[in-house]
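Shown next: work12.cif, containing mmCIF, C-alpha atoms.
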```cif
data_upload
loop_
_atom_site.label_atom_id
_atom_site.label_comp_id
_atom_site.auth_asym_id
_atom_site.auth_seq_id
_atom_site.Cartn_x
_atom_site.Cartn_y
_atom_site.Cartn_z
CA MET A 1491 -50.76 -12.22 -24.50
CA LEU A 1492 -53.47 -13.56 -26.76
CA PRO A 1493 -55.44 -11.00 -28.77
CA PRO A 1494 -58.94 -11.84 -27.43
CA LEU A 1495 -57.63 -11.68 -23.86
CA ILE A 1496 -55.98 -8.31 -24.46
CA VAL A 1497 -59.28 -6.96 -25.77
CA MET A 1498 -61.28 -8.44 -22.88
CA GLU A 1499 -58.81 -7.11 -20.28
CA CYS A 1500 -58.95 -3.60 -21.74
CA LEU A 1501 -62.73 -3.52 -21.94
CA GLU A 1502 -63.02 -4.77 -18.35
CA LYS A 1503 -60.70 -1.98 -17.22
CA GLY A 1504 -62.66 0.64 -19.15
CA ILE A 1505 -59.82 1.24 -21.58
CA SER A 1506 -60.91 2.37 -25.04
CA LEU A 1507 -57.59 3.09 -26.75
CA ILE A 1508 -54.42 1.03 -26.85
CA ALA A 1509 -51.41 0.72 -29.12
CA ILE A 1510 -49.66 -2.54 -29.93
CA THR A 1511 -45.95 -1.75 -29.83
CA ASP A 1512 -43.88 -4.91 -30.06
CA HIS A 1513 -40.12 -4.68 -30.07
CA ASN A 1514 -38.96 -3.91 -33.63
CA ALA A 1515 -42.05 -5.77 -34.84
CA THR A 1516 -45.58 -5.23 -36.13
CA ALA A 1517 -46.64 -8.75 -37.12
CA ASN A 1518 -49.19 -9.19 -34.32
CA ILE A 1519 -51.00 -5.88 -34.69
CA SER A 1520 -53.63 -6.98 -37.18
CA ALA A 1521 -54.60 -9.93 -34.96
CA VAL A 1522 -55.39 -7.60 -32.06
CA GLN A 1523 -57.17 -5.14 -34.35
CA GLN A 1524 -59.34 -7.96 -35.68
CA ALA A 1525 -60.02 -9.24 -32.17
CA ALA A 1526 -61.20 -5.75 -31.23
CA GLU A 1527 -63.51 -5.34 -34.22
CA GLY A 1528 -67.08 -4.56 -33.16
CA THR A 1529 -66.00 -3.58 -29.64
CA ASP A 1530 -65.41 -0.16 -28.06
CA LEU A 1531 -61.66 -0.69 -28.12
CA THR A 1532 -59.50 1.09 -30.69
CA VAL A 1533 -56.15 -0.51 -31.43
CA LEU A 1534 -53.51 1.80 -32.88
CA PRO A 1535 -50.68 0.15 -34.78
CA GLY A 1536 -47.21 0.85 -33.49
CA MET A 1537 -43.76 -0.44 -32.66
CA GLU A 1538 -41.19 -0.03 -29.92
CA VAL A 1539 -38.07 0.51 -31.98
CA GLN A 1540 -34.59 0.14 -30.53
CA THR A 1541 -32.22 2.38 -32.44
CA ARG A 1542 -28.45 2.26 -32.73
CA GLU A 1543 -28.02 4.21 -29.49
CA GLU A 1544 -30.00 1.44 -27.72
CA VAL A 1545 -32.75 3.95 -26.95
CA HIS A 1546 -36.31 2.63 -27.11
CA SER A 1547 -38.96 4.75 -28.81
CA LEU A 1548 -42.64 4.22 -29.47
CA CYS A 1549 -43.68 4.70 -33.08
CA LEU A 1550 -47.44 5.18 -33.33
CA PHE A 1551 -49.43 5.23 -36.54
CA ASP A 1552 -53.01 5.69 -37.67
CA THR A 1553 -53.05 2.84 -40.15
CA LEU A 1554 -51.57 -0.60 -40.37
CA GLU A 1555 -50.21 0.30 -43.82
CA GLN A 1556 -48.09 3.08 -42.30
CA ALA A 1557 -46.82 0.70 -39.62
CA LEU A 1558 -45.95 -1.93 -42.22
CA ALA A 1559 -44.13 0.67 -44.33
CA TRP A 1560 -42.08 1.50 -41.23
CA GLN A 1561 -41.51 -2.22 -40.62
CA ALA A 1562 -40.08 -2.55 -44.13
CA ILE A 1563 -37.50 0.12 -43.28
CA VAL A 1564 -36.73 -1.52 -39.94
CA ASP A 1565 -36.32 -4.90 -41.62
CA ARG A 1566 -33.63 -3.50 -43.89
CA HIS A 1567 -31.68 -2.36 -40.83
CA LEU A 1568 -32.24 -5.28 -38.51
CA PRO A 1569 -29.08 -7.40 -38.13
CA ALA A 1570 -29.49 -10.95 -39.38
CA ILE A 1571 -29.15 -12.71 -36.04
CA PRO A 1572 -31.30 -15.81 -35.59
CA ASN A 1573 -33.41 -15.92 -32.43
CA ARG A 1574 -32.46 -18.39 -29.71
CA PRO A 1575 -35.85 -19.29 -28.19
CA ASP A 1576 -34.17 -20.99 -25.21
CA TYR A 1577 -32.58 -17.66 -24.25
CA PHE A 1578 -34.99 -15.06 -25.51
CA GLY A 1579 -38.26 -16.96 -25.75
CA ASP A 1580 -40.33 -17.81 -28.77
CA GLN A 1581 -41.33 -14.98 -31.08
CA LEU A 1582 -44.77 -16.13 -32.16
CA ILE A 1583 -47.12 -14.57 -34.66
CA VAL A 1584 -50.75 -15.39 -33.98
CA ASP A 1585 -54.17 -14.80 -35.53
CA ALA A 1586 -57.14 -12.98 -34.02
CA ASN A 1587 -58.05 -16.03 -31.92
CA GLY A 1588 -54.51 -16.32 -30.63
CA ASP A 1589 -53.82 -19.41 -32.70
CA PHE A 1590 -50.28 -19.96 -33.94
CA LEU A 1591 -49.50 -18.73 -37.44
CA LYS A 1592 -45.71 -18.75 -37.57
CA ARG A 1593 -42.46 -17.99 -35.78
CA GLU A 1594 -40.37 -14.87 -36.29
CA GLU A 1595 -36.94 -16.41 -36.82
CA ARG A 1596 -34.82 -13.26 -36.64
CA LEU A 1597 -33.83 -11.97 -33.22
CA LEU A 1598 -36.01 -8.93 -32.57
CA LEU A 1599 -34.43 -8.12 -29.21
CA THR A 1600 -31.60 -6.08 -30.66
CA SER A 1601 -30.84 -2.66 -32.10
CA VAL A 1602 -31.89 -1.58 -35.55
CA ASN A 1603 -28.99 0.02 -37.38
CA LEU A 1604 -30.66 3.42 -37.64
CA SER A 1605 -29.92 6.48 -35.55
CA LEU A 1606 -32.55 8.00 -33.30
CA ALA A 1607 -32.72 10.97 -35.68
CA ASP A 1608 -33.10 8.72 -38.75
CA ALA A 1609 -35.90 6.78 -37.07
CA PHE A 1610 -37.63 9.98 -35.95
CA HIS A 1611 -37.57 11.41 -39.47
CA GLN A 1612 -38.74 8.21 -41.16
CA VAL A 1613 -41.61 7.67 -38.72
CA THR A 1614 -42.66 11.31 -38.95
CA ARG A 1615 -42.50 11.26 -42.74
CA LEU A 1616 -44.87 8.28 -42.74
CA GLY A 1617 -47.31 10.28 -40.59
CA GLY A 1618 -46.41 8.61 -37.31
CA LEU A 1619 -45.85 9.95 -33.82
CA PHE A 1620 -42.42 9.24 -32.33
CA ILE A 1621 -42.19 9.02 -28.55
CA PRO A 1622 -39.02 8.03 -26.68
CA ALA A 1623 -40.15 5.32 -24.27
CA HIS A 1624 -39.57 4.93 -20.51
CA VAL A 1625 -37.07 7.79 -20.82
CA ASN A 1626 -36.14 7.56 -17.14
CA ARG A 1627 -35.22 3.86 -17.21
CA THR A 1628 -31.55 2.87 -17.09
CA ALA A 1629 -32.16 0.07 -19.57
CA ASN A 1630 -32.85 1.67 -22.96
CA GLY A 1631 -34.15 4.99 -21.63
CA LEU A 1632 -33.21 8.21 -23.39
CA PHE A 1633 -31.96 10.13 -20.35
CA PRO A 1634 -29.59 7.49 -18.94
CA ILE A 1635 -28.23 6.70 -22.40
CA LEU A 1636 -28.01 10.13 -24.02
CA GLY A 1637 -27.75 12.22 -20.86
CA MET A 1638 -30.04 14.92 -22.19
CA PRO A 1639 -32.66 15.31 -24.92
CA PRO A 1640 -31.17 15.37 -28.42
CA ASP A 1641 -31.23 18.87 -29.90
CA ASP A 1642 -31.29 17.70 -33.54
CA ILE A 1643 -34.88 16.39 -33.64
CA PRO A 1644 -38.09 18.19 -32.63
CA LEU A 1645 -39.54 15.66 -30.20
CA GLU A 1646 -43.00 16.51 -28.88
CA VAL A 1647 -43.74 13.81 -26.35
CA MET A 1648 -41.84 11.56 -23.98
CA GLU A 1649 -43.08 8.55 -22.08
CA ILE A 1650 -42.13 7.84 -18.49
CA SER A 1651 -42.25 4.38 -16.97
CA ARG A 1652 -45.08 3.35 -14.71
CA HIS A 1653 -42.87 3.13 -11.63
CA LEU A 1654 -42.49 6.88 -11.33
CA LYS A 1655 -44.93 9.72 -10.72
CA PRO A 1656 -44.76 12.42 -13.42
CA ALA A 1657 -43.81 15.07 -10.85
CA GLU A 1658 -40.92 12.89 -9.65
CA ALA A 1659 -39.74 12.33 -13.21
CA VAL A 1660 -39.66 16.07 -13.89
CA LYS A 1661 -37.79 16.66 -10.64
CA ILE A 1662 -35.09 14.15 -11.65
CA TYR A 1663 -34.98 15.29 -15.29
CA PRO A 1664 -35.93 19.00 -15.41
CA ALA A 1665 -35.57 18.91 -19.22
CA LEU A 1666 -38.87 16.99 -19.26
CA HIS A 1667 -40.58 20.33 -18.57
CA SER A 1668 -40.28 21.10 -22.28
CA TYR A 1669 -42.23 18.01 -23.41
CA SER A 1670 -45.69 16.57 -23.17
CA LEU A 1671 -45.58 13.46 -21.03
CA ILE A 1672 -47.44 10.22 -21.25
CA GLN A 1673 -47.13 7.31 -18.86
CA SER A 1674 -47.72 3.83 -20.16
CA GLY A 1675 -47.96 0.44 -18.63
CA ASP A 1676 -45.42 -0.96 -21.10
CA ALA A 1677 -47.60 -4.01 -20.54
CA HIS A 1678 -45.97 -7.33 -21.32
CA ARG A 1679 -48.63 -9.23 -19.35
CA LEU A 1680 -52.37 -8.79 -19.06
CA ASP A 1681 -52.22 -7.61 -15.45
CA GLU A 1682 -49.80 -4.85 -16.46
CA ILE A 1683 -52.34 -3.22 -18.76
CA SER A 1684 -52.97 -0.08 -16.78
CA GLY A 1685 -54.72 2.62 -18.82
CA LEU A 1686 -52.89 5.53 -17.24
CA ASN A 1687 -53.59 8.09 -19.96
CA GLN A 1688 -56.93 9.83 -20.07
CA PHE A 1689 -57.58 11.61 -23.36
CA THR A 1690 -60.48 13.79 -24.41
CA LEU A 1691 -60.62 13.33 -28.18
CA GLN A 1692 -63.10 13.74 -31.02
CA SER A 1693 -61.81 10.51 -32.50
CA PRO A 1694 -58.93 8.12 -31.79
CA THR A 1695 -56.42 9.52 -34.27
CA LEU A 1696 -52.85 10.73 -33.93
CA GLN A 1697 -53.88 14.24 -34.96
CA GLU A 1698 -56.37 14.30 -32.08
CA ILE A 1699 -53.82 12.82 -29.68
CA ARG A 1700 -51.34 15.54 -30.68
CA LEU A 1701 -53.94 18.23 -30.00
CA ALA A 1702 -54.80 16.63 -26.66
CA LEU A 1703 -51.17 16.41 -25.58
CA ARG A 1704 -50.81 20.12 -26.37
CA GLY A 1705 -54.14 20.88 -24.71
CA GLU A 1706 -55.46 22.61 -27.82
CA GLN A 1707 -58.93 23.07 -29.30
CA GLY A 1708 -60.74 21.60 -26.31
CA ARG A 1709 -58.83 18.33 -26.43
CA SER A 1710 -57.06 17.31 -23.27
CA HIS A 1711 -54.87 14.69 -21.69
CA ARG A 1712 -53.93 13.80 -18.16
CA ILE A 1713 -52.02 11.02 -16.49
CA LEU A 1714 -54.08 9.19 -13.92
CA SER A 1715 -52.48 8.33 -10.63
CA SER A 1716 -50.72 5.02 -10.99
CA THR A 1717 -50.98 4.34 -7.25
CA ILE A 1718 -54.77 4.41 -7.41
CA LEU A 1719 -54.77 1.99 -10.31
CA ALA A 1720 -52.26 -0.28 -8.64
CA GLY A 1721 -54.56 -0.54 -5.63
CA GLU A 1722 -57.58 -1.57 -7.63
CA MET B 995 2.26 11.20 -23.32
CA ASN B 996 0.55 13.83 -25.45
CA LEU B 997 -2.47 13.44 -27.68
CA GLU B 998 -0.42 13.52 -30.88
CA GLN B 999 1.61 10.52 -29.71
CA ILE B 1000 -1.59 8.73 -28.67
CA ILE B 1001 -3.18 9.35 -32.09
CA GLN B 1002 -0.10 7.94 -33.83
CA SER B 1003 0.38 5.04 -31.47
CA LEU B 1004 -3.24 3.85 -31.69
CA ASP B 1005 -3.56 4.75 -35.39
CA LEU B 1006 -6.60 6.91 -34.65
CA LYS B 1007 -8.41 8.73 -37.43
CA LEU B 1008 -9.07 12.40 -36.78
CA LEU B 1009 -12.71 13.26 -37.56
CA THR B 1010 -12.57 16.89 -36.51
CA GLU B 1011 -10.21 19.79 -37.20
CA GLN B 1012 -6.48 19.71 -36.59
CA LYS B 1013 -5.23 21.19 -33.34
CA PRO B 1014 -1.80 21.37 -31.70
CA PHE B 1015 -2.32 17.91 -30.24
CA HIS B 1016 1.25 17.74 -28.96
CA GLU B 1017 0.26 20.41 -26.44
CA ILE B 1018 -2.64 18.35 -25.06
CA GLN B 1019 -1.75 15.96 -22.25
CA PRO B 1020 -4.67 13.67 -21.39
CA THR B 1021 -4.60 13.14 -17.68
CA THR B 1022 -6.72 10.01 -17.40
CA GLY B 1023 -9.42 8.11 -19.23
CA TYR B 1024 -12.97 6.88 -18.92
CA ALA B 1025 -14.92 4.27 -20.87
CA ALA B 1026 -18.72 4.00 -20.98
CA ASP B 1027 -21.54 4.27 -23.49
CA LEU B 1028 -24.19 5.60 -21.13
CA LEU B 1029 -23.84 9.37 -21.29
CA SER B 1030 -25.43 9.84 -17.89
CA CYS B 1031 -22.58 7.78 -16.39
CA VAL B 1032 -19.99 9.76 -18.31
CA MET B 1033 -21.43 13.03 -17.06
CA THR B 1034 -20.88 11.95 -13.47
CA GLY B 1035 -17.87 9.67 -13.90
CA ALA B 1036 -15.43 11.15 -16.39
CA SER B 1037 -12.72 13.53 -15.24
CA ARG B 1038 -11.94 16.94 -16.69
CA GLY B 1039 -9.14 16.77 -19.22
CA GLY B 1040 -9.46 13.01 -19.66
CA LEU B 1041 -9.97 10.87 -22.73
CA TRP B 1042 -13.34 9.22 -23.23
CA VAL B 1043 -13.60 5.92 -25.07
CA THR B 1044 -17.06 5.00 -26.33
CA LEU B 1045 -19.03 3.21 -28.99
CA GLN B 1046 -21.73 5.87 -28.81
CA ALA B 1047 -21.70 8.18 -31.84
CA HIS B 1048 -24.88 10.14 -31.10
CA SER B 1049 -24.46 13.93 -31.30
CA ASN B 1050 -25.01 14.31 -27.55
CA ILE B 1051 -21.46 13.02 -26.98
CA VAL B 1052 -20.24 16.44 -28.09
CA ALA B 1053 -22.24 18.25 -25.44
CA VAL B 1054 -20.98 15.89 -22.76
CA ALA B 1055 -17.35 16.31 -23.82
CA ALA B 1056 -17.71 20.09 -23.97
CA LEU B 1057 -19.36 20.14 -20.56
CA LEU B 1058 -16.53 18.15 -19.00
CA GLU B 1059 -13.77 19.76 -21.11
CA LEU B 1060 -12.51 16.33 -22.12
CA SER B 1061 -9.30 16.20 -24.12
CA ALA B 1062 -10.89 14.00 -26.82
CA ILE B 1063 -13.49 11.33 -27.55
CA ILE B 1064 -12.26 8.08 -29.07
CA ILE B 1065 -15.17 6.46 -30.91
CA THR B 1066 -14.58 2.73 -31.24
CA GLU B 1067 -15.48 -0.04 -33.71
CA GLY B 1068 -15.57 2.45 -36.56
CA ALA B 1069 -18.92 3.89 -35.40
CA GLN B 1070 -19.44 6.96 -37.53
CA PRO B 1071 -20.92 10.18 -36.14
CA ASP B 1072 -22.96 12.08 -38.72
CA GLU B 1073 -21.80 15.30 -40.40
CA ALA B 1074 -23.88 17.51 -38.09
CA THR B 1075 -22.20 15.92 -35.07
CA ILE B 1076 -18.73 16.53 -36.50
CA GLN B 1077 -19.71 20.12 -37.28
CA LYS B 1078 -21.02 20.58 -33.76
CA ALA B 1079 -17.78 19.15 -32.37
CA ASN B 1080 -15.74 21.62 -34.43
CA ASP B 1081 -17.95 24.48 -33.22
CA GLU B 1082 -17.47 23.39 -29.61
CA GLY B 1083 -13.75 22.67 -29.96
CA VAL B 1084 -14.27 19.00 -29.15
CA THR B 1085 -11.87 16.53 -30.76
CA LEU B 1086 -13.38 13.34 -32.19
CA LEU B 1087 -11.10 10.42 -32.95
CA SER B 1088 -12.08 7.13 -34.50
CA SER B 1089 -10.72 3.63 -34.04
CA GLN B 1090 -11.64 0.41 -35.81
CA GLN B 1091 -10.72 -1.46 -32.62
CA ASP B 1092 -13.23 -2.18 -29.87
CA THR B 1093 -13.31 -0.32 -26.58
CA TYR B 1094 -11.54 -3.12 -24.69
CA ARG B 1095 -8.52 -2.99 -26.96
CA VAL B 1096 -8.35 0.80 -27.12
CA VAL B 1097 -8.46 1.08 -23.35
CA GLY B 1098 -5.81 -1.64 -23.06
CA ARG B 1099 -3.48 0.27 -25.37
CA LEU B 1100 -4.06 3.55 -23.50
CA TRP B 1101 -3.27 1.80 -20.24
CA GLU B 1102 -0.05 0.45 -21.72
CA LEU B 1103 0.86 3.97 -22.80
CA GLY B 1104 0.52 5.11 -19.20
CA ILE B 1105 -2.84 6.90 -19.41
CA ARG B 1106 -4.33 5.72 -16.10
#
```
Do you think you could lay out the structure here as structure tokens?
Amino acid sequence: MLPPLIVMECLEKGISLIAITDHNATANISAVQQAAEGTDLTVLPGMEVQTREEVHSLCLFDTLEQALAWQAIVDRHLPAIPNRPDYFGDQLIVDANGDFLKREERLLLTSVNLSLADAFHQVTRLGGLFIPAHVNRTANGLFPILGMPPDDIPLEVMEISRHLKPAEAVKIYPALHSYSLIQSGDAHRLDEISGLNQFTLQSPTLQEIRLALRGEQGRSHRILSSTILAGE
Amino acid sequence: MNLEQIIQSLDLKLLTEQKPFHEIQPTTGYAADLLSCVMTGASRGGLWVTLQAHSNIVAVAALLELSAIIITEGAQPDEATIQKANDEGVTLLSSQQDTYRVVGRLWELGIR
């Protein structure tokens, strides 16, 4: 997905806030942020980290500096396995126009040698928001892998995959009752960008998002019906 | 075959407190790293062989009253997990071998 096309797709769909959360990587965030400069789209820096348990979690930040500080920690715990582009595809880093800058040579599609709790604490310490991703999904979802929410970290939010209605997710995993839920497109292609989360915020910051997820101080959040969006 | 003989035979390292392991007779075994599968698939009183060292393994073993968890490839649960296991009476054992080899040895010993 080329940065200018991501921005155009979001603006066409009326989306004003996205996060770039590549797998164990942050190298393409600044390109999308630059491509969105001067538009109504805010691009939060983030990462989808895969921890030792093989659980995927979204790590969202306010600033690129925070995300890069997290990347430095991840890099120290990423096994030194070279990527095989013929199996896993090219891992390209591009500029704001989508032009090639360089290749990421290390395999990103693997687990970082950090525990879920370690990752949670490091991300939180840096000011980030840590959200287990697609928690219902058999591949890399928290519930299939860990059976139940971990009781050693104070998670606030969980993300469910786009294939499931929130009410269905809570029915299957009653423990989800205790968490704020978001539902993301987990978009790997332009047509998967779905904009399922509607936030009422004063500004697009993590502090505001936290308030909205808790429904505090007039901020709010709701998950739009994915079936309506799919039919558009 | 009791758990003490299994620990000796497989050269397992005990991570939790001592117990009268010679009195524990594992009935069967189960191997998986997805805890949701273990919760539905493992049998009461059985051994569980896994690479997963996350603290939730303790809750699963306590829930199913498993005879012990054998954590493979030297994966190290953290101190809080070991403490939790001791509190729950769950036995954690560690092997440097991978799951395939541990299960093979257990099978040879007649744990089926």
Residue neighbourhood region 1055-1064 of chain B, 9 Å, only C-alpha atoms, exclusion window fewer than 6 positions, as a PyMOL selection string | chain B and resi 997+1006+1018-1021+1032-1033+1036-1045+1079+1082-1089+1093+1096
Residues selected by the PyMOL selection byres ((chain A) within 8 of (chain B)), written as a PyMOL selection string | chain A and resi 1543+1605+1633-1638+1640
For Asp1676 (chain A), the nearest of the candidates A:Arg1652, A:Val1545, A:Ser1520, A:Thr1532, counting all atoms listed in the file = A:Arg1652
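Between Ser1670 (chain A) and the candidates A:Pro1694, A:Gly1685, A:Gly1504, A:Gly1705, the tightest atom-to-atom separation, counting only C-alpha atoms, involves A:Gly1705.
The interatomic distance for the pair CA of Leu1597 (chain A) and CA of Ala1562 (chain A) works out to 15.7 Å.
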Around (-47.9, -16.4, -37.4), as given in the file, which residues come within 10 Å? Count only C-alpha atoms and list them as a compact mmCIF listing (two decimals) with C-alpha atoms, in the frame of the given file.
```txt
# COMPACT_ATOMS: atom_id res chain seq x y z
CA ALA A 1517 -46.64 -8.75 -37.12
CA ASN A 1518 -49.19 -9.19 -34.32
CA ALA A 1521 -54.60 -9.93 -34.96
CA GLN A 1581 -41.33 -14.98 -31.08
CA LEU A 1582 -44.77 -16.13 -32.16
CA ILE A 1583 -47.12 -14.57 -34.66
CA VAL A 1584 -50.75 -15.39 -33.98
CA ASP A 1585 -54.17 -14.80 -35.53
CA GLY A 1588 -54.51 -16.32 -30.63
CA ASP A 1589 -53.82 -19.41 -32.70
CA PHE A 1590 -50.28 -19.96 -33.94
CA LEU A 1591 -49.50 -18.73 -37.44
CA LYS A 1592 -45.71 -18.75 -37.57
CA ARG A 1593 -42.46 -17.99 -35.78
CA GLU A 1594 -40.37 -14.87 -36.29
```
